[in-house]
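Novice: Below is model.txt; it holds compact mmCIF, C-alpha atoms.
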```txt
# COMPACT_ATOMS: atom_id res chain seq x y z
CA MET A 1 -31.24 -50.48 -13.83
CA LYS A 2 -33.83 -53.08 -14.86
CA PHE A 3 -36.16 -52.21 -17.73
CA GLY A 4 -39.10 -54.04 -19.19
CA VAL A 5 -40.06 -53.30 -22.79
CA PHE A 6 -43.50 -54.33 -24.03
CA GLY A 7 -43.64 -54.87 -27.77
CA THR A 8 -41.54 -57.06 -30.03
CA GLY A 9 -41.80 -54.94 -33.19
CA THR A 10 -39.31 -52.39 -34.47
CA VAL A 11 -39.99 -49.83 -31.74
CA GLY A 12 -39.72 -52.30 -28.88
CA VAL A 13 -36.55 -53.93 -30.19
CA THR A 14 -34.95 -50.54 -30.91
CA ILE A 15 -35.71 -49.19 -27.43
CA ALA A 16 -34.61 -52.43 -25.77
CA THR A 17 -31.36 -52.43 -27.72
CA LYS A 18 -30.67 -48.81 -26.77
CA LEU A 19 -31.33 -49.46 -23.07
CA HIS A 20 -29.06 -52.49 -23.21
CA ALA A 21 -26.31 -50.46 -24.92
CA LEU A 22 -26.56 -47.96 -22.08
CA GLY A 23 -25.67 -50.76 -19.65
CA HIS A 24 -29.11 -51.63 -18.31
CA GLU A 25 -30.69 -55.04 -17.81
CA VAL A 26 -33.54 -55.37 -20.29
CA MET A 27 -36.37 -57.83 -20.78
CA LEU A 28 -38.20 -57.72 -24.11
CA GLY A 29 -41.78 -58.76 -23.51
CA GLY A 30 -44.51 -60.09 -25.79
CA ARG A 31 -47.55 -62.35 -25.70
CA THR A 32 -45.06 -65.20 -25.42
CA ALA A 33 -41.35 -65.24 -24.61
CA GLY A 34 -40.34 -67.03 -27.79
CA LYS A 35 -41.00 -64.73 -30.73
CA ASP A 36 -38.17 -64.50 -33.27
CA SER A 37 -37.37 -60.88 -32.46
CA GLN A 38 -37.15 -61.71 -28.75
CA LEU A 39 -34.85 -64.69 -29.32
CA THR A 40 -32.68 -62.62 -31.66
CA PHE A 41 -32.45 -59.84 -29.08
CA VAL A 42 -31.32 -62.25 -26.35
CA LYS A 43 -28.89 -64.05 -28.65
CA ALA A 44 -27.35 -60.81 -29.91
CA HIS A 45 -26.86 -59.25 -26.49
CA GLY A 46 -26.37 -62.20 -24.12
CA ALA A 47 -25.83 -60.96 -20.60
CA ARG A 48 -28.34 -58.42 -19.34
CA ALA A 49 -30.76 -59.27 -22.21
CA ARG A 50 -33.82 -61.42 -21.55
CA SER A 51 -37.17 -62.21 -23.11
CA GLY A 52 -40.45 -62.83 -21.37
CA THR A 53 -44.20 -62.62 -21.45
CA TYR A 54 -45.88 -59.32 -20.63
CA ALA A 55 -46.34 -60.60 -17.08
CA ASP A 56 -42.66 -61.62 -16.75
CA THR A 57 -41.59 -58.27 -18.19
CA ALA A 58 -43.79 -56.21 -15.89
CA ALA A 59 -42.40 -58.07 -12.91
CA PHE A 60 -38.81 -57.67 -14.11
CA GLY A 61 -38.73 -54.00 -15.01
CA GLU A 62 -38.29 -51.21 -12.48
CA ILE A 63 -39.49 -49.00 -15.34
CA VAL A 64 -41.59 -50.38 -18.21
CA PHE A 65 -41.80 -49.06 -21.79
CA ASN A 66 -45.00 -49.59 -23.75
CA CYS A 67 -43.97 -50.05 -27.37
CA THR A 68 -46.87 -52.25 -28.42
CA SER A 69 -49.17 -51.23 -31.27
CA GLY A 70 -51.85 -48.84 -30.10
CA GLU A 71 -54.60 -51.36 -30.68
CA GLY A 72 -52.79 -53.95 -28.58
CA SER A 73 -51.72 -51.77 -25.65
CA LEU A 74 -54.69 -52.24 -23.32
CA ALA A 75 -54.55 -56.01 -23.78
CA ALA A 76 -50.79 -56.09 -23.18
CA LEU A 77 -51.17 -54.19 -19.90
CA ALA A 78 -54.10 -56.38 -18.87
CA ALA A 79 -51.96 -59.46 -19.51
CA ALA A 80 -49.14 -57.91 -17.48
CA GLY A 81 -51.48 -57.46 -14.54
CA ASP A 82 -51.78 -54.83 -11.85
CA VAL A 83 -50.05 -57.04 -9.28
CA ARG A 84 -46.85 -56.86 -11.34
CA LEU A 85 -47.25 -53.35 -12.80
CA GLY A 86 -47.92 -51.87 -9.35
CA ASP A 87 -47.04 -48.19 -9.17
CA LYS A 88 -44.16 -48.39 -11.64
CA ILE A 89 -43.46 -45.83 -14.35
CA LEU A 90 -44.91 -46.79 -17.74
CA VAL A 91 -43.23 -44.87 -20.54
CA ASP A 92 -45.95 -44.87 -23.20
CA VAL A 93 -44.38 -44.60 -26.64
CA SER A 94 -47.32 -46.03 -28.56
CA ASN A 95 -49.75 -44.37 -30.96
CA PRO A 96 -53.34 -45.49 -31.53
CA LEU A 97 -52.90 -45.69 -35.30
CA ASP A 98 -55.63 -47.23 -37.42
CA PHE A 99 -54.28 -48.64 -40.68
CA SER A 100 -57.50 -50.53 -41.42
CA LYS A 101 -58.50 -48.01 -44.08
CA GLY A 102 -55.02 -47.91 -45.62
CA PHE A 103 -52.44 -45.17 -45.69
CA PRO A 104 -52.26 -42.54 -44.32
CA PRO A 105 -53.63 -43.94 -41.06
CA SER A 106 -56.27 -42.33 -38.88
CA LEU A 107 -56.47 -42.65 -35.10
CA LEU A 108 -58.41 -45.24 -33.08
CA ILE A 109 -58.74 -42.75 -30.20
CA SER A 110 -58.57 -38.99 -30.58
CA ASN A 111 -59.60 -35.47 -29.71
CA THR A 112 -61.38 -35.89 -26.35
CA ASP A 113 -59.40 -38.92 -25.22
CA SER A 114 -56.04 -40.56 -25.82
CA LEU A 115 -54.46 -43.99 -25.57
CA SER A 116 -52.31 -42.80 -22.66
CA GLU A 117 -55.38 -41.68 -20.74
CA GLN A 118 -57.05 -45.04 -21.39
CA LEU A 119 -53.99 -46.86 -20.06
CA GLN A 120 -53.88 -44.57 -17.02
CA ARG A 121 -57.60 -45.04 -16.30
CA ALA A 122 -57.31 -48.83 -16.63
CA HIS A 123 -54.29 -48.88 -14.26
CA PRO A 124 -54.70 -45.97 -11.85
CA ARG A 125 -51.64 -46.77 -9.72
CA LEU A 126 -49.33 -46.87 -12.76
CA LYS A 127 -47.42 -43.65 -13.48
CA VAL A 128 -48.05 -43.24 -17.19
CA VAL A 129 -45.60 -40.88 -18.91
CA LYS A 130 -46.18 -40.14 -22.58
CA THR A 131 -43.10 -39.37 -24.65
CA LEU A 132 -41.10 -40.38 -27.75
CA ASN A 133 -44.28 -41.13 -29.74
CA THR A 134 -43.75 -38.10 -32.00
CA VAL A 135 -40.67 -39.52 -33.72
CA ASN A 136 -39.89 -42.83 -35.38
CA ALA A 137 -37.86 -45.56 -33.72
CA ALA A 138 -34.54 -44.60 -35.31
CA VAL A 139 -34.88 -41.00 -34.12
CA MET A 140 -36.04 -42.06 -30.62
CA THR A 141 -32.73 -43.69 -29.88
CA ALA A 142 -30.38 -41.56 -32.03
CA PRO A 143 -31.69 -37.98 -31.93
CA GLN A 144 -28.28 -36.72 -33.06
CA ASN A 145 -28.97 -38.18 -36.51
CA VAL A 146 -31.57 -35.44 -37.15
CA ALA A 147 -30.12 -31.91 -37.36
CA ASN A 148 -27.39 -32.82 -34.85
CA GLY A 149 -30.04 -33.24 -32.16
CA ASP A 150 -31.39 -29.71 -32.54
CA HIS A 151 -35.09 -30.60 -32.15
CA ASP A 152 -37.63 -31.18 -29.43
CA LEU A 153 -39.34 -33.98 -27.63
CA PHE A 154 -42.47 -33.65 -25.51
CA ILE A 155 -43.44 -35.26 -22.24
CA ALA A 156 -46.77 -35.51 -20.42
CA GLY A 157 -48.06 -37.23 -17.33
CA ASP A 158 -49.77 -36.75 -14.01
CA ASP A 159 -46.75 -37.55 -11.82
CA ALA A 160 -44.06 -34.86 -11.76
CA ALA A 161 -41.39 -37.10 -10.22
CA ALA A 162 -42.00 -39.78 -12.85
CA LYS A 163 -41.63 -37.18 -15.60
CA ARG A 164 -38.33 -36.03 -14.09
CA THR A 165 -37.03 -39.62 -14.01
CA VAL A 166 -38.02 -40.21 -17.63
CA SER A 167 -36.61 -36.86 -18.71
CA GLU A 168 -33.24 -37.79 -17.20
CA LEU A 169 -33.35 -41.18 -18.90
CA LEU A 170 -34.10 -39.54 -22.26
CA GLN A 171 -31.09 -37.31 -21.83
CA THR A 172 -28.92 -40.45 -21.60
CA PHE A 173 -30.40 -41.34 -25.04
CA GLY A 174 -28.96 -38.06 -26.37
CA TRP A 175 -32.07 -35.91 -26.10
CA ARG A 176 -32.11 -32.48 -24.58
CA ALA A 177 -34.70 -32.09 -21.80
CA PRO A 178 -38.16 -32.66 -23.27
CA ILE A 179 -40.83 -29.94 -23.17
CA ASP A 180 -43.27 -30.70 -20.36
CA LEU A 181 -46.79 -30.29 -21.76
CA GLY A 182 -48.53 -30.96 -18.47
CA ASP A 183 -50.85 -33.73 -17.33
CA ILE A 184 -51.60 -36.96 -19.17
CA LYS A 185 -54.43 -35.29 -21.12
CA ALA A 186 -51.72 -33.57 -23.15
CA ALA A 187 -51.23 -36.97 -24.78
CA ARG A 188 -54.26 -36.04 -26.92
CA GLY A 189 -52.18 -33.46 -28.75
CA MET A 190 -49.08 -35.64 -28.87
CA GLU A 191 -51.01 -38.52 -30.44
CA ALA A 192 -53.03 -36.27 -32.77
CA TYR A 193 -49.75 -34.82 -34.05
CA LEU A 194 -49.24 -38.15 -35.82
CA LEU A 195 -51.84 -37.05 -38.38
CA LEU A 196 -49.50 -34.19 -39.24
CA TRP A 197 -46.36 -36.32 -38.94
CA VAL A 198 -47.43 -38.84 -41.60
CA ARG A 199 -47.95 -35.97 -44.05
CA LEU A 200 -44.65 -34.36 -43.08
CA ALA A 201 -42.79 -37.61 -43.63
CA GLY A 202 -44.35 -37.76 -47.10
CA ALA A 203 -43.51 -34.14 -47.91
CA MET A 204 -39.93 -34.40 -46.62
CA LYS A 205 -39.52 -37.84 -48.23
CA THR A 206 -38.06 -39.26 -45.02
CA PRO A 207 -39.34 -40.47 -41.64
CA SER A 208 -36.06 -39.26 -40.14
CA LEU A 209 -37.40 -35.89 -39.07
CA ASN A 210 -38.66 -33.99 -36.09
CA ILE A 211 -39.78 -30.51 -35.12
CA ARG A 212 -38.12 -27.81 -33.10
CA VAL A 213 -40.26 -25.37 -31.15
CA MET A 214 -39.32 -21.77 -31.96
CA ARG A 215 -40.34 -18.62 -30.19
CA MET Z 1 -55.33 -7.25 -56.07
CA LYS Z 2 -58.79 -7.53 -54.50
CA PHE Z 3 -59.18 -9.67 -51.39
CA GLY Z 4 -62.23 -10.68 -49.42
CA VAL Z 5 -61.75 -11.63 -45.78
CA PHE Z 6 -64.52 -13.55 -44.01
CA GLY Z 7 -64.53 -13.04 -40.26
CA THR Z 8 -64.55 -9.88 -38.18
CA GLY Z 9 -62.67 -11.22 -35.15
CA THR Z 10 -58.97 -10.84 -34.40
CA VAL Z 11 -57.80 -13.18 -37.16
CA GLY Z 12 -59.94 -11.57 -39.87
CA VAL Z 13 -59.02 -8.02 -38.91
CA THR Z 14 -55.31 -8.92 -38.65
CA ILE Z 15 -55.25 -10.60 -42.07
CA ALA Z 16 -57.28 -7.79 -43.66
CA THR Z 17 -54.97 -5.15 -42.18
CA LYS Z 18 -51.89 -7.01 -43.46
CA LEU Z 19 -53.32 -7.36 -46.97
CA HIS Z 20 -54.20 -3.66 -46.96
CA ALA Z 21 -50.70 -2.74 -45.79
CA LEU Z 22 -49.32 -4.71 -48.73
CA GLY Z 23 -51.26 -2.42 -51.06
CA HIS Z 24 -54.26 -4.59 -51.84
CA GLU Z 25 -57.94 -3.66 -51.89
CA VAL Z 26 -59.62 -5.47 -49.03
CA MET Z 27 -63.22 -6.06 -48.00
CA LEU Z 28 -63.81 -7.29 -44.45
CA GLY Z 29 -66.93 -9.44 -44.47
CA GLY Z 30 -69.33 -10.50 -41.76
CA ARG Z 31 -72.97 -11.43 -41.27
CA THR Z 32 -73.66 -7.71 -41.72
CA ALA Z 33 -71.48 -4.89 -43.04
CA GLY Z 34 -71.75 -2.78 -39.92
CA LYS Z 35 -70.02 -4.53 -37.07
CA ASP Z 36 -67.73 -2.34 -34.98
CA SER Z 37 -64.56 -4.07 -36.12
CA GLN Z 38 -65.57 -3.62 -39.76
CA LEU Z 39 -66.34 0.07 -39.33
CA THR Z 40 -63.08 0.58 -37.45
CA PHE Z 41 -61.15 -1.20 -40.21
CA VAL Z 42 -62.66 1.02 -42.90
CA LYS Z 43 -62.22 4.18 -40.86
CA ALA Z 44 -58.59 3.39 -40.04
CA HIS Z 45 -57.56 2.54 -43.58
CA GLY Z 46 -59.85 4.62 -45.80
CA ALA Z 47 -59.04 4.03 -49.44
CA ARG Z 48 -58.85 0.38 -50.50
CA ALA Z 49 -60.62 -0.73 -47.28
CA ARG Z 50 -64.27 -1.76 -47.36
CA SER Z 51 -66.75 -3.71 -45.30
CA GLY Z 52 -69.52 -5.95 -46.53
CA THR Z 53 -71.68 -8.97 -45.94
CA TYR Z 54 -70.31 -12.42 -46.71
CA ALA Z 55 -72.08 -12.18 -50.08
CA ASP Z 56 -70.61 -8.74 -50.85
CA THR Z 57 -67.17 -9.95 -49.80
CA ALA Z 58 -67.29 -13.11 -51.89
CA ALA Z 59 -68.26 -11.05 -54.93
CA PHE Z 60 -65.54 -8.48 -54.25
CA GLY Z 61 -62.54 -10.68 -53.63
CA GLU Z 62 -60.48 -12.32 -56.33
CA ILE Z 63 -59.13 -14.43 -53.49
CA VAL Z 64 -61.11 -14.98 -50.29
CA PHE Z 65 -59.74 -15.73 -46.80
CA ASN Z 66 -61.86 -17.73 -44.39
CA CYS Z 67 -61.07 -16.37 -40.92
CA THR Z 68 -64.43 -17.15 -39.32
CA SER Z 69 -64.69 -19.36 -36.26
CA GLY Z 70 -64.68 -23.02 -37.21
CA GLU Z 71 -68.25 -23.51 -36.07
CA GLY Z 72 -69.42 -20.58 -38.24
CA SER Z 73 -67.48 -21.36 -41.42
CA LEU Z 74 -70.00 -23.51 -43.27
CA ALA Z 75 -72.76 -20.97 -42.59
CA ALA Z 76 -70.55 -18.08 -43.73
CA LEU Z 77 -69.79 -19.79 -47.02
CA ALA Z 78 -73.44 -20.72 -47.49
CA ALA Z 79 -74.38 -17.07 -46.96
CA ALA Z 80 -71.71 -16.03 -49.47
CA GLY Z 81 -73.23 -18.32 -52.06
CA ASP Z 82 -71.76 -20.41 -54.84
CA VAL Z 83 -72.73 -17.84 -57.48
CA ARG Z 84 -70.32 -15.36 -55.90
CA LEU Z 85 -67.68 -17.80 -54.65
CA GLY Z 86 -67.45 -19.51 -58.02
CA ASP Z 87 -64.08 -21.18 -58.57
CA LYS Z 88 -62.09 -18.68 -56.53
CA ILE Z 89 -59.32 -19.57 -54.12
CA LEU Z 90 -60.49 -19.85 -50.52
CA VAL Z 91 -57.58 -19.59 -48.10
CA ASP Z 92 -58.91 -21.49 -45.10
CA VAL Z 93 -57.25 -20.21 -41.94
CA SER Z 94 -59.90 -21.44 -39.53
CA ASN Z 95 -59.81 -24.20 -36.93
CA PRO Z 96 -62.83 -26.21 -35.78
CA LEU Z 97 -62.18 -25.49 -32.11
CA ASP Z 98 -64.78 -26.47 -29.53
CA PHE Z 99 -64.56 -24.32 -26.40
CA SER Z 100 -67.93 -25.53 -25.10
CA LYS Z 101 -66.25 -27.73 -22.48
CA GLY Z 102 -63.77 -25.03 -21.44
CA PHE Z 103 -60.04 -24.79 -21.94
CA PRO Z 104 -58.11 -26.42 -23.48
CA PRO Z 105 -60.49 -26.79 -26.43
CA SER Z 106 -61.22 -29.97 -28.31
CA LEU Z 107 -62.12 -30.18 -32.01
CA LEU Z 108 -65.59 -30.16 -33.56
CA ILE Z 109 -64.29 -32.18 -36.51
CA SER Z 110 -61.24 -34.42 -36.42
CA ASN Z 111 -59.28 -37.50 -37.35
CA THR Z 112 -61.19 -38.84 -40.39
CA ASP Z 113 -62.45 -35.46 -41.59
CA SER Z 114 -61.53 -31.78 -41.36
CA LEU Z 115 -63.21 -28.43 -41.62
CA SER Z 116 -61.38 -27.71 -44.87
CA GLU Z 117 -62.68 -30.93 -46.41
CA GLN Z 118 -66.21 -30.04 -45.31
CA LEU Z 119 -65.90 -26.61 -46.94
CA GLN Z 120 -64.49 -28.20 -50.09
CA ARG Z 121 -67.27 -30.80 -50.26
CA ALA Z 122 -69.94 -28.13 -49.73
CA HIS Z 123 -68.44 -25.96 -52.50
CA PRO Z 124 -66.78 -28.29 -55.00
CA ARG Z 125 -65.78 -25.57 -57.48
CA LEU Z 126 -64.01 -23.52 -54.80
CA LYS Z 127 -60.24 -24.05 -54.56
CA VAL Z 128 -59.81 -24.54 -50.84
CA VAL Z 129 -56.23 -24.04 -49.64
CA LYS Z 130 -55.49 -24.72 -45.97
CA THR Z 131 -52.69 -22.69 -44.41
CA LEU Z 132 -51.79 -20.30 -41.57
CA ASN Z 133 -54.08 -22.14 -39.10
CA THR Z 134 -51.10 -23.51 -37.16
CA VAL Z 135 -50.02 -20.11 -35.78
CA ASN Z 136 -51.85 -17.32 -34.03
CA ALA Z 137 -52.93 -14.12 -35.79
CA ALA Z 138 -49.90 -12.08 -34.73
CA VAL Z 139 -47.50 -14.71 -36.09
CA MET Z 140 -49.51 -15.16 -39.31
CA THR Z 141 -48.80 -11.63 -40.41
CA ALA Z 142 -45.42 -11.04 -38.76
CA PRO Z 143 -43.48 -14.33 -38.90
CA GLN Z 144 -40.23 -12.44 -38.35
CA ASN Z 145 -41.30 -11.81 -34.74
CA VAL Z 146 -40.73 -15.49 -33.93
CA ALA Z 147 -37.08 -16.63 -34.15
CA ASN Z 148 -36.43 -14.11 -36.96
CA GLY Z 149 -38.78 -16.06 -39.22
CA ASP Z 150 -36.86 -19.31 -38.89
CA HIS Z 151 -39.89 -21.62 -38.69
CA ASP Z 152 -42.32 -23.38 -40.99
CA LEU Z 153 -45.79 -23.04 -42.34
CA PHE Z 154 -47.79 -25.80 -44.02
CA ILE Z 155 -50.10 -25.73 -47.01
CA ALA Z 156 -52.62 -28.27 -48.32
CA GLY Z 157 -55.19 -28.36 -51.08
CA ASP Z 158 -56.33 -30.22 -54.15
CA ASP Z 159 -55.37 -27.53 -56.69
CA ALA Z 160 -51.62 -27.18 -57.31
CA ALA Z 161 -51.89 -23.81 -59.05
CA ALA Z 162 -53.97 -22.39 -56.19
CA LYS Z 163 -51.36 -23.58 -53.70
CA ARG Z 164 -48.61 -21.89 -55.72
CA THR Z 165 -50.57 -18.61 -55.76
CA VAL Z 166 -51.14 -18.75 -52.00
CA SER Z 167 -47.53 -19.74 -51.35
CA GLU Z 168 -46.35 -16.65 -53.24
CA LEU Z 169 -48.79 -14.45 -51.34
CA LEU Z 170 -47.54 -15.86 -48.02
CA GLN Z 171 -44.00 -14.98 -49.01
CA THR Z 172 -45.09 -11.34 -49.32
CA PHE Z 173 -46.23 -11.68 -45.68
CA GLY Z 174 -42.63 -12.56 -44.79
CA TRP Z 175 -42.96 -16.34 -44.75
CA ARG Z 176 -40.55 -18.67 -46.46
CA ALA Z 177 -42.24 -21.09 -48.87
CA PRO Z 178 -44.65 -23.28 -46.90
CA ILE Z 179 -44.24 -27.06 -46.80
CA ASP Z 180 -46.74 -28.64 -49.18
CA LEU Z 181 -48.42 -31.51 -47.34
CA GLY Z 182 -50.49 -32.64 -50.30
CA ASP Z 183 -54.22 -32.74 -50.91
CA ILE Z 184 -56.91 -31.14 -48.77
CA LYS Z 185 -57.13 -34.24 -46.57
CA ALA Z 186 -53.82 -33.11 -45.05
CA ALA Z 187 -55.91 -30.45 -43.29
CA ARG Z 188 -56.79 -33.23 -40.82
CA GLY Z 189 -53.25 -33.15 -39.48
CA MET Z 190 -52.98 -29.36 -39.65
CA GLU Z 191 -56.18 -28.93 -37.64
CA ALA Z 192 -55.37 -31.76 -35.20
CA TYR Z 193 -52.04 -30.05 -34.50
CA LEU Z 194 -54.03 -27.43 -32.59
CA LEU Z 195 -54.45 -29.96 -29.78
CA LEU Z 196 -50.67 -29.93 -29.44
CA TRP Z 197 -50.40 -26.17 -30.04
CA VAL Z 198 -52.62 -25.23 -27.09
CA ARG Z 199 -50.39 -27.29 -24.79
CA LEU Z 200 -47.23 -25.85 -26.32
CA ALA Z 201 -48.49 -22.31 -25.81
CA GLY Z 202 -49.10 -23.18 -22.16
CA ALA Z 203 -45.68 -24.79 -21.71
CA MET Z 204 -43.83 -21.95 -23.47
CA LYS Z 205 -45.99 -19.36 -21.71
CA THR Z 206 -46.62 -17.53 -25.00
CA PRO Z 207 -48.81 -17.98 -28.07
CA SER Z 208 -46.06 -16.33 -30.10
CA LEU Z 209 -44.45 -19.57 -31.19
CA ASN Z 210 -44.20 -21.95 -34.07
CA ILE Z 211 -42.36 -25.09 -35.10
CA ARG Z 212 -39.51 -25.67 -37.50
CA VAL Z 213 -39.25 -28.99 -39.31
CA MET Z 214 -35.78 -30.50 -38.88
CA ARG Z 215 -34.22 -33.42 -40.69
```
Could I get this file's structure written as structure tokens?
Specialist:
Amino acid sequence: MKFGVFGTGTVGVTIATKLHALGHEVMLGGRTAGKDSQLTFVKAHGARARSGTYADTAAFGEIVFNCTSGEGSLAALAAAGDVRLGDKILVDVSNPLDFSKGFPPSLLISNTDSLSEQLQRAHPRLKVVKTLNTVNAAVMTAPQNVANGDHDLFIAGDDAAAKRTVSELLQTFGWRAPIDLGDIKAARGMEAYLLLWVRLAGAMKTPSLNIRVMR
Amino acid sequence: MKFGVFGTGTVGVTIATKLHALGHEVMLGGRTAGKDSQLTFVKAHGARARSGTYADTAAFGEIVFNCTSGEGSLAALAAAGDVRLGDKILVDVSNPLDFSKGFPPSLLISNTDSLSEQLQRAHPRLKVVKTLNTVNAAVMTAPQNVANGDHDLFIAGDDAAAKRTVSELLQTFGWRAPIDLGDIKAARGMEAYLLLWVRLAGAMKTPSLNIRVMR
């Protein structure tokens, strides 16, 4: 399958590398096509690995991952353009973290809105599916490295078929089926959880952690 | 030991009943001393069970639990008064939930502040310890009813000794030692988690749930 990955930082490169390892064709997209991390990705993986602008990447991917920084996500999607994004699935992995006041970060959007909702409102035809944002990049693509995979991921979005597709894809990453929290407004809780996560990572002295829902 | 419990709703009555069952003297405090739930509590438990105003309850308790609604917490503490609250431990169980726009609720305070911080700022001598707010009342006092107690509680506050005292008390409730998230600002994440919790309770079709931190 063809995937586009927006975001040339650690999360984007890690997701792109995982998708490539699973046998997919992957384009790593940024503001330009020539950033170091993009060139390194293409050089390292050769066939099936490409780099492009956001617009190139939106056109290329049958499914697109948003791994840009939260503050850059709306601009990245605007640059990609509705003509190319169409009614594709956008897997929104990003968090609207605000590091401007130092660490720990606060959120740029919270409580009565979420970044995922903003992306969905700005691109109504897009099928925005929020997931993976509650763990760090290393855990996203290797869940077995935390407690042998015995922990939970969440998923939210307005389109049930899109959530099923993403859920199946996540299971090829090694995840068990994520817990469906409902419509895209559930992204509020998934993003707000980051305020707890940063404290947990401090308390546990590792970002390689996750939670398991018990009942 | 003598405990004061602010709040005559389900959470307050449940906590007061648990403390009484553990052999403590407990005063259940409200705006008045004569609310139905207070009279029922005293009648049901007789010796060692009392009711009072917030002021009575603050004076009575060596440790005070805040189980009022988030929107009523500042007023309850103001009514209790600094003279009576002094430098006691306040175990803040409350969440600043806003149900004014229906369900699911949003938060009255969030992201760059928390209810616990507001209570601490309003009463600087008080030792505010945030805990228990991430589970519902039934789980607070009977953690063994969820996954045989195999799940985690969090604790935050500026006073290390106060956190140790509360941690030991929670262990008499049946909890394992809570995860210390640091200073009272960590209450931001603990309160924001409620936005995820309400969705989880919907997805799991039960409020009798909690999370376990895995690494």
Novice: Using only C-alpha atoms, find which residues of chain A lie within 7 Å of chain Z and jot them down as a list in words.
Specialist: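 Every residue meeting the condition is included here: Ser106, Leu107, Ser110, Asn111, Thr112, Val146, Ala147, His151, Asp180, Leu181, Ala186, Arg188, Gly189, Met190, Ala192, Tyr193, Leu195, Leu196, Arg199, Leu200, Ala203, Ser208, Leu209, Asn210, Ile211, Arg212, Val213, Met214 and Arg215 of chain A.
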Novice: Using only C-alpha atoms, pick whichever of A:Phe41, A:Trp175, A:Phe3, A:Phe103 has the shortest atom-to-atom distance to Ile89 of chain A.
Specialist: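 That would be A:Phe3, the residue with the smallest distance to Ile89 of chain A.
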Novice: Can you pull out every residue within 7 Å of segment 68-72 of chain Z, counting all atoms listed in the file, but drop anything in the same chain fewer than 6 positions away, and send it as number ranges by chain?
Specialist: Z: 6-7, 94-97
Novice: When you draw a straight line from atom CA of Val139 of chain Z to atom CA of Val5 of chain Z, how long is it in Å?
Specialist: 17.5 Å
Novice: If we count only C-alpha atoms, what is near segment 123-131 of chain A at a cut-off of 8 Å, once residues fewer than 4 positions away on the same chain are taken out, given as a PyMOL selection string?
Specialist: chain A and resi 82+85-93+116+119+153-159+162-163+166+184+187
Novice: Take the residues that were just selected and, keeping C-alpha atoms, output them as a PDB file, in the frame of the given file.
Specialist:
```pdb
ATOM      1  CA  ASP A  82     -51.780 -54.830 -11.850  1.00  0.00           C
ATOM      2  CA  LEU A  85     -47.250 -53.350 -12.800  1.00  0.00           C
ATOM      3  CA  GLY A  86     -47.920 -51.870  -9.350  1.00  0.00           C
ATOM      4  CA  ASP A  87     -47.040 -48.190  -9.170  1.00  0.00           C
ATOM      5  CA  LYS A  88     -44.160 -48.390 -11.640  1.00  0.00           C
ATOM      6  CA  ILE A  89     -43.460 -45.830 -14.350  1.00  0.00           C
ATOM      7  CA  LEU A  90     -44.910 -46.790 -17.740  1.00  0.00           C
ATOM      8  CA  VAL A  91     -43.230 -44.870 -20.540  1.00  0.00           C
ATOM      9  CA  ASP A  92     -45.950 -44.870 -23.200  1.00  0.00           C
ATOM     10  CA  VAL A  93     -44.380 -44.600 -26.640  1.00  0.00           C
ATOM     11  CA  SER A 116     -52.310 -42.800 -22.660  1.00  0.00           C
ATOM     12  CA  LEU A 119     -53.990 -46.860 -20.060  1.00  0.00           C
ATOM     13  CA  LEU A 153     -39.340 -33.980 -27.630  1.00  0.00           C
ATOM     14  CA  PHE A 154     -42.470 -33.650 -25.510  1.00  0.00           C
ATOM     15  CA  ILE A 155     -43.440 -35.260 -22.240  1.00  0.00           C
ATOM     16  CA  ALA A 156     -46.770 -35.510 -20.420  1.00  0.00           C
ATOM     17  CA  GLY A 157     -48.060 -37.230 -17.330  1.00  0.00           C
ATOM     18  CA  ASP A 158     -49.770 -36.750 -14.010  1.00  0.00           C
ATOM     19  CA  ASP A 159     -46.750 -37.550 -11.820  1.00  0.00           C
ATOM     20  CA  ALA A 162     -42.000 -39.780 -12.850  1.00  0.00           C
ATOM     21  CA  LYS A 163     -41.630 -37.180 -15.600  1.00  0.00           C
ATOM     22  CA  VAL A 166     -38.020 -40.210 -17.630  1.00  0.00           C
ATOM     23  CA  ILE A 184     -51.600 -36.960 -19.170  1.00  0.00           C
ATOM     24  CA  ALA A 187     -51.230 -36.970 -24.780  1.00  0.00           C
TER      25      ALA A 187
END
```
Novice: Restricting the calculation to only C-alpha atoms: of A:Gly81, A:Gly30, A:Gly23, A:Gly46, which residue gets closest to Asn66 of chain A?
Specialist: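 Closest to Asn66 of chain A, using only C-alpha atoms: A:Gly30.
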Novice: Provide the atom CA of Ala49 of chain A to atom CA of Lys35 of chain A distance in Å, to one decimal place.
Specialist: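 Spanning atom CA of Ala49 of chain A to atom CA of Lys35 of chain A is a straight-line distance of 14.4 Å.
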Novice: Please measure the separation of atom CA of Gly12 of chain A and atom CA of Gln38 of chain A, giving the value in Å to one decimal.
Specialist: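 Value for the atom CA of Gly12 of chain A-atom CA of Gln38 of chain A distance: 9.8 Å.
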Novice: Please enclose the listed atoms of segment 93-101 of chain Z in an axis-aligned box, pad each side by 3 Å, and write out the centre and the three edge lengths in Å, rounded to one decimal, as lines of an AutoDock Vina configuration file.
Specialist:
```
center_x = -62.6
center_y = -24.0
center_z = -32.2
size_x = 16.7
size_y = 13.5
size_z = 25.5
```
